[in-house]
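> So here's structure27.cif, just mmCIF, C-alpha atoms:
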data_coords
#
loop_
_atom_site.label_atom_id
_atom_site.label_comp_id
_atom_site.auth_asym_id
_atom_site.auth_seq_id
_atom_site.Cartn_x
_atom_site.Cartn_y
_atom_site.Cartn_z
CA MET A 99 -30.67 -60.64 29.85
CA ALA A 100 -31.03 -62.49 33.15
CA GLU A 101 -34.29 -64.12 32.08
CA ALA A 102 -32.82 -65.26 28.76
CA LEU A 103 -29.85 -66.88 30.51
CA ASN A 104 -32.10 -68.59 33.04
CA ALA A 105 -34.13 -70.03 30.18
CA GLU A 106 -30.99 -71.77 28.91
CA ALA A 107 -29.67 -72.94 32.28
CA GLY A 108 -29.81 -76.68 32.84
CA CYS A 109 -30.03 -78.44 36.18
CA ASP A 110 -26.21 -78.73 36.30
CA VAL A 111 -25.88 -74.93 36.53
CA PRO A 112 -25.74 -74.10 40.26
CA VAL A 113 -26.76 -70.44 39.88
CA ARG A 114 -29.57 -68.33 38.52
CA PHE A 115 -29.21 -64.90 36.97
CA VAL A 116 -30.79 -61.77 38.40
CA PRO A 117 -30.75 -58.08 37.45
CA GLN A 118 -27.77 -56.08 38.72
CA ALA A 119 -30.08 -54.19 41.08
CA ALA A 120 -30.44 -57.36 43.18
CA LEU A 121 -26.88 -56.92 44.50
CA PRO A 122 -27.15 -55.13 47.87
CA LYS A 123 -25.18 -51.93 48.17
CA GLY A 124 -21.85 -52.58 49.89
CA GLU A 125 -21.86 -56.37 49.41
CA ALA A 126 -19.09 -57.93 47.38
CA TYR A 127 -20.30 -59.41 44.09
CA GLU A 128 -18.44 -62.70 44.62
CA GLY A 129 -19.74 -63.09 48.18
CA PHE A 130 -23.29 -62.43 47.04
CA VAL A 131 -23.04 -65.09 44.34
CA ARG A 132 -21.72 -67.61 46.86
CA ARG A 133 -24.31 -66.72 49.51
CA THR A 134 -27.38 -66.66 47.30
CA GLY A 135 -26.57 -68.69 44.19
CA ARG A 136 -27.58 -65.68 42.12
CA VAL A 137 -25.43 -63.85 39.57
CA PRO A 138 -26.15 -60.10 39.19
CA THR A 139 -26.32 -59.46 35.46
CA ARG A 140 -26.33 -56.24 33.47
CA ASP A 141 -27.78 -55.93 29.98
CA ASN A 142 -24.47 -55.75 28.15
CA LEU A 143 -22.14 -57.96 26.12
CA HIS A 144 -19.67 -58.41 28.98
CA ASP A 145 -22.24 -59.93 31.32
CA LEU A 146 -23.77 -61.96 28.49
CA PHE A 147 -20.44 -63.74 27.99
CA ASN A 148 -20.09 -64.18 31.75
CA GLY A 149 -23.47 -65.89 31.78
CA LEU A 150 -22.62 -68.06 28.79
CA VAL A 151 -19.44 -69.27 30.51
CA TRP A 152 -21.53 -70.17 33.57
CA LEU A 153 -23.81 -72.17 31.28
CA ARG A 154 -20.95 -73.96 29.51
CA TRP A 155 -18.50 -74.45 32.41
CA PRO A 156 -20.59 -74.32 35.61
CA ALA A 157 -18.20 -76.35 37.78
CA LEU A 158 -15.22 -74.20 36.80
CA LYS A 159 -17.09 -70.96 37.48
CA ALA A 160 -18.32 -72.30 40.81
CA GLN A 161 -14.76 -73.18 41.78
CA LEU A 162 -13.52 -69.71 40.90
CA ASN A 163 -16.33 -68.17 42.92
CA ALA A 164 -15.53 -70.43 45.88
CA LEU A 165 -11.88 -69.30 45.82
CA GLN A 166 -12.91 -65.64 45.69
CA SER A 167 -15.54 -65.85 48.39
CA ALA A 168 -13.25 -67.83 50.72
CA GLN A 169 -10.65 -65.09 50.50
CA ILE A 170 -13.31 -62.44 51.15
CA ALA A 171 -14.56 -64.35 54.20
CA ARG A 172 -11.00 -64.65 55.49
CA ALA A 173 -9.67 -61.15 54.83
CA GLY A 174 -12.71 -59.01 54.11
CA ILE A 175 -12.84 -56.30 51.47
CA GLY A 176 -9.89 -53.93 51.50
CA ALA A 177 -8.06 -51.52 49.24
CA THR A 178 -6.41 -54.44 47.45
CA ARG A 179 -7.62 -57.93 46.64
CA GLY A 180 -4.47 -59.83 47.52
CA ALA A 181 -2.44 -62.14 45.28
CA LEU A 182 -4.89 -65.04 45.03
CA ARG A 183 -7.98 -62.93 44.44
CA ASP A 184 -6.06 -60.95 41.83
CA ALA A 185 -5.06 -64.16 40.05
CA VAL A 186 -8.60 -65.55 40.16
CA THR A 187 -10.00 -62.28 38.82
CA VAL A 188 -7.50 -62.19 35.96
CA PHE A 189 -8.33 -65.77 35.02
CA ASP A 190 -12.08 -65.25 35.31
CA GLU A 191 -11.88 -62.22 33.03
CA ASN A 192 -9.15 -63.20 30.58
CA GLY A 193 -8.20 -66.82 31.17
CA ALA A 194 -7.80 -69.93 29.07
CA LEU A 195 -6.90 -73.55 29.79
CA LEU A 196 -4.35 -75.24 27.55
CA LYS A 197 -3.94 -79.00 27.48
CA ALA A 198 -0.99 -79.65 25.19
CA PRO A 199 2.12 -81.76 24.60
CA PRO A 200 5.00 -80.75 26.89
CA ARG A 201 7.03 -79.34 24.00
CA LEU A 202 4.32 -76.78 23.28
CA LEU A 203 4.02 -75.78 26.93
CA GLU A 204 7.80 -75.41 27.19
CA ALA A 205 7.92 -73.21 24.08
CA LEU A 206 5.07 -71.09 25.42
CA ALA A 207 6.78 -70.68 28.79
CA ALA A 208 9.94 -69.54 27.00
CA ARG A 209 7.94 -67.28 24.64
CA ASP A 210 9.74 -69.04 21.83
CA TRP A 211 7.16 -68.05 19.25
CA PRO A 212 8.92 -69.49 16.15
CA ARG A 213 9.13 -72.86 17.86
CA LEU A 214 5.64 -72.67 19.34
CA PHE A 215 3.77 -71.62 16.21
CA VAL A 216 6.01 -72.57 13.27
CA ALA A 217 8.40 -75.43 14.07
CA GLU A 218 5.87 -77.23 16.29
CA ARG A 219 2.81 -76.20 14.30
CA GLN A 220 1.61 -79.75 13.72
CA ALA A 221 1.70 -80.47 17.46
CA TRP A 222 -1.26 -78.12 17.92
CA ARG A 223 -3.41 -80.94 16.51
CA GLU A 224 -2.79 -82.68 19.85
CA ALA A 225 -3.64 -79.58 21.90
CA GLU A 226 -6.90 -78.32 23.36
CA LEU A 227 -7.26 -74.62 24.12
CA VAL A 228 -10.42 -73.62 26.01
CA LEU A 229 -11.22 -69.93 26.43
CA VAL A 230 -13.07 -69.31 29.70
CA GLY A 231 -12.49 -65.59 30.38
CA HIS A 232 -15.66 -63.67 29.60
CA ALA A 233 -13.83 -60.39 28.92
CA LEU A 234 -11.53 -62.31 26.57
CA LEU A 235 -14.53 -63.65 24.66
CA GLU A 236 -16.00 -60.16 24.54
CA LYS A 237 -12.79 -58.79 23.00
CA LEU A 238 -12.76 -61.57 20.41
CA ALA A 239 -16.18 -60.45 19.21
CA GLN A 240 -14.07 -57.86 17.34
CA PRO A 241 -10.82 -59.79 16.72
CA ARG A 242 -7.50 -57.92 16.85
CA LYS A 243 -4.03 -59.37 16.57
CA PRO A 244 -2.81 -58.20 20.03
CA ILE A 245 -5.57 -59.96 22.01
CA THR A 246 -3.76 -62.12 24.54
CA ALA A 247 -5.09 -64.77 26.91
CA HIS A 248 -3.74 -65.55 30.38
CA VAL A 249 -3.15 -69.29 30.08
CA LEU A 250 -2.99 -72.02 32.71
CA PRO A 251 -2.36 -75.74 32.19
CA SER A 252 -4.93 -76.54 34.90
CA LEU A 253 -7.00 -74.67 37.45
CA ASP A 254 -4.77 -76.06 40.22
CA ALA A 255 -2.03 -73.71 39.01
CA LEU A 256 -3.97 -70.72 40.38
CA THR A 257 -3.05 -71.67 43.95
CA ALA A 258 0.38 -73.09 43.14
CA ALA A 259 2.21 -69.88 42.21
CA PRO A 260 1.70 -66.14 42.76
CA ARG A 261 1.92 -65.34 39.03
CA PRO A 262 1.05 -68.58 37.27
CA PHE A 263 -0.03 -67.26 33.88
CA LEU A 264 1.53 -67.69 30.47
CA PRO A 265 0.65 -65.07 27.81
CA LEU A 266 -0.77 -66.46 24.59
CA PRO A 267 -1.71 -64.23 21.63
CA VAL A 268 -4.89 -66.05 20.71
CA LEU A 269 -4.96 -65.27 17.00
CA GLY A 270 -1.53 -66.88 16.69
CA VAL A 271 -2.96 -70.33 17.41
CA PRO A 272 -2.79 -72.40 14.21
CA GLY A 273 -6.17 -72.63 12.55
CA TRP A 274 -7.67 -69.77 14.58
CA TRP A 275 -6.95 -66.95 12.13
CA PRO A 276 -6.30 -67.22 8.37
CA GLU A 277 -3.39 -64.76 8.36
CA ASN A 278 -1.28 -66.93 10.66
CA ASP A 279 -0.81 -69.47 7.86
CA SER A 280 2.20 -67.32 6.91
CA PRO A 281 5.27 -67.53 9.22
CA ALA A 282 5.68 -63.77 8.72
CA PHE A 283 2.56 -63.27 10.86
CA TYR A 284 4.69 -63.99 13.91
CA ASP A 285 7.39 -61.43 13.09
CA ASP A 286 5.39 -58.67 14.81
CA ALA A 287 7.41 -58.08 17.98
CA SER A 288 4.76 -55.75 19.38
CA VAL A 289 2.51 -58.81 19.78
CA PHE A 290 4.88 -61.78 19.93
CA ARG A 291 7.20 -60.29 22.49
CA PRO A 292 10.39 -61.88 23.79
CA PRO A 293 10.61 -62.75 27.50
CA PRO A 294 11.84 -59.95 29.78
CA ALA A 295 15.61 -59.68 29.91
CA GLY A 296 17.12 -62.00 32.50
CA SER A 297 13.87 -63.80 33.19
CA ARG A 298 13.69 -67.57 33.52
CA ARG A 299 10.41 -69.40 33.76
CA SER A 300 10.36 -72.76 35.43
CA THR A 301 8.62 -75.47 33.46
CA ASP A 302 7.34 -76.93 36.75
CA SER A 303 4.29 -74.65 36.51
CA VAL A 304 3.50 -75.67 32.95
CA ARG A 305 3.09 -79.40 33.30
CA PRO A 306 0.32 -80.75 31.06
CA CYS A 307 -3.15 -81.25 32.49
CA ARG A 308 -4.04 -84.60 33.91
CA SER A 309 -6.40 -86.51 31.64
#
With the file now loaded, output its structure as structure tokens.

Amino acid sequence: MAEALNAEAGCDVPVRFVPQAALPKGEAYEGFVRRTGRVPTRDNLHDLFNGLVWLRWPALKAQLNALQSAQIARAGIGATRGALRDAVTVFDENGALLKAPPRLLEALAARDWPRLFVAERQAWREAELVLVGHALLEKLAQPRKPITAHVLPSLDALTAAPRPFLPLPVLGVPGWWPENDSPAFYDDASVFRPPPAGSRRSTDSVRPCRS
């Protein structure tokens, strides 16, 4: 697996892939990647998608690794990761970036699914959704309606709020799944859930990405 990924890596990819056994016992994975520029890789689908994201979005992956390794250098490895490392890990595994008109971001923040996917359906033509979480991509290899991405409007949002994510059921995105052509697709409350009672989400954290 590592050799195959290395064969595809261009000069803009700042890492090379090595077998999992190259990771020294007791050293944090993220710190090792930062220190050596090498990504320990197992021969499985999960690590294949991780490698493919490195190949497609090297600067983004390097930034995530820098955030993780900086926190490790500052606080060491303990029983818990801490809020920022947790957020970076969630995004690295299950994240997506959504550049979209404000009305879509506002509907997503409110979990107003009828507005987001039915009333504003045509506005998705102006949106760009980029899946970057390698575990998310692995799950989509066998698509299921409940698969949900942790969405950010920009990577800057990771450090701007302790819980910056917006949940987005990926197969609800117009054009991503044939069954969602019917408005009844979104009536499934086990997937398209209302916001928690009494919750209010500020739209400050869902401003559209800068071009």
> Would you translate the PyMOL selection byres ((chain A and resi 231) around 10) into the concrete set of residues it matches in this file, as a ChimeraX atom specification?
/A:147-148,151,187-195,228-230,232-236,247-248
> Could you state which residues are captured by the PyMOL selection byres ((chain A and resi 257) around 10) in this file, as a list in words?
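That selection, the PyMOL selection byres ((chain A and resi 257) around 10), comes back as Leu165, Ala181, Leu182, Ala185, Val186, Leu253, Asp254, Ala255, Leu256, Ala258, Ala259, Pro260, Arg261 and Pro262 of chain A.
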> So which residues touch Trp275 in chain A within 10 Å, counting only C-alpha atoms, skipping near sequence neighbours fewer than 6 positions away, as a PyMOL selection string?
chain A and resi 241+243+268-269
> Would you mind exporting the chosen residues as a PDB file, keeping the file's coordinate frame, restricted to C-alpha atoms?

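This is the output file again.pdb:
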ATOM      1  CA  PRO A 241     -10.820 -59.790  16.720  1.00  0.00           C
ATOM      2  CA  LYS A 243      -4.030 -59.370  16.570  1.00  0.00           C
ATOM      3  CA  VAL A 268      -4.890 -66.050  20.710  1.00  0.00           C
ATOM      4  CA  LEU A 269      -4.960 -65.270  17.000  1.00  0.00           C
TER       5      LEU A 269
END
> Between CA of Leu196 in chain A and CA of Ala287 in chain A, measure the distance and give it in Å to one decimal.
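Going from CA of Leu196 in chain A over to CA of Ala287 in chain A, I get 22.9 Å.
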> Applying the PyMOL selection byres ((chain A and resi 288-291) around 9) to the file I just gave you, which residues come out? Please list them as a PyMOL selection string.
chain A and resi 209-211+243-246+266-267+270+284-287+292-294
> How many Å lie between CA of Leu143 in chain A and CA of Gly180 in chain A, rounded to one decimal?
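The value is 27.8 Å.
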> Quick one: distance from CA of Ala168 in chain A to CA of Arg133 in chain A in Å, one decimal?
11.2 Å
> For Asn142 in chain A, which residue among A:Ala119, A:Ala100, A:Ala126, A:Cys109 is the nearest when counting all atoms listed in the file?
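Among the listed residues, the smallest separation from Asn142 in chain A belongs to A:Ala100.
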> Ala221 in chain A: which residues within 12 Å, counting all atoms listed in the file, same-chain residues fewer than 6 positions away excluded, as a list in words?
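Once the adjacent positions are removed, what remains is Lys197, Ala198, Pro199, Pro200, Arg201, Leu202, Leu203, Ala205, Arg213, Leu214, Phe215, Val271 and Pro272 of chain A.
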> Need the shell around Ala107 in chain A: protein/DNA/RNA residues with any atom at most 10 Å away, counting only C-alpha atoms. Skip same-chain ones fewer than 4 positions apart. Format as a PyMOL selection string?
chain A and resi 101-103+111-115+149-150+152-154+156
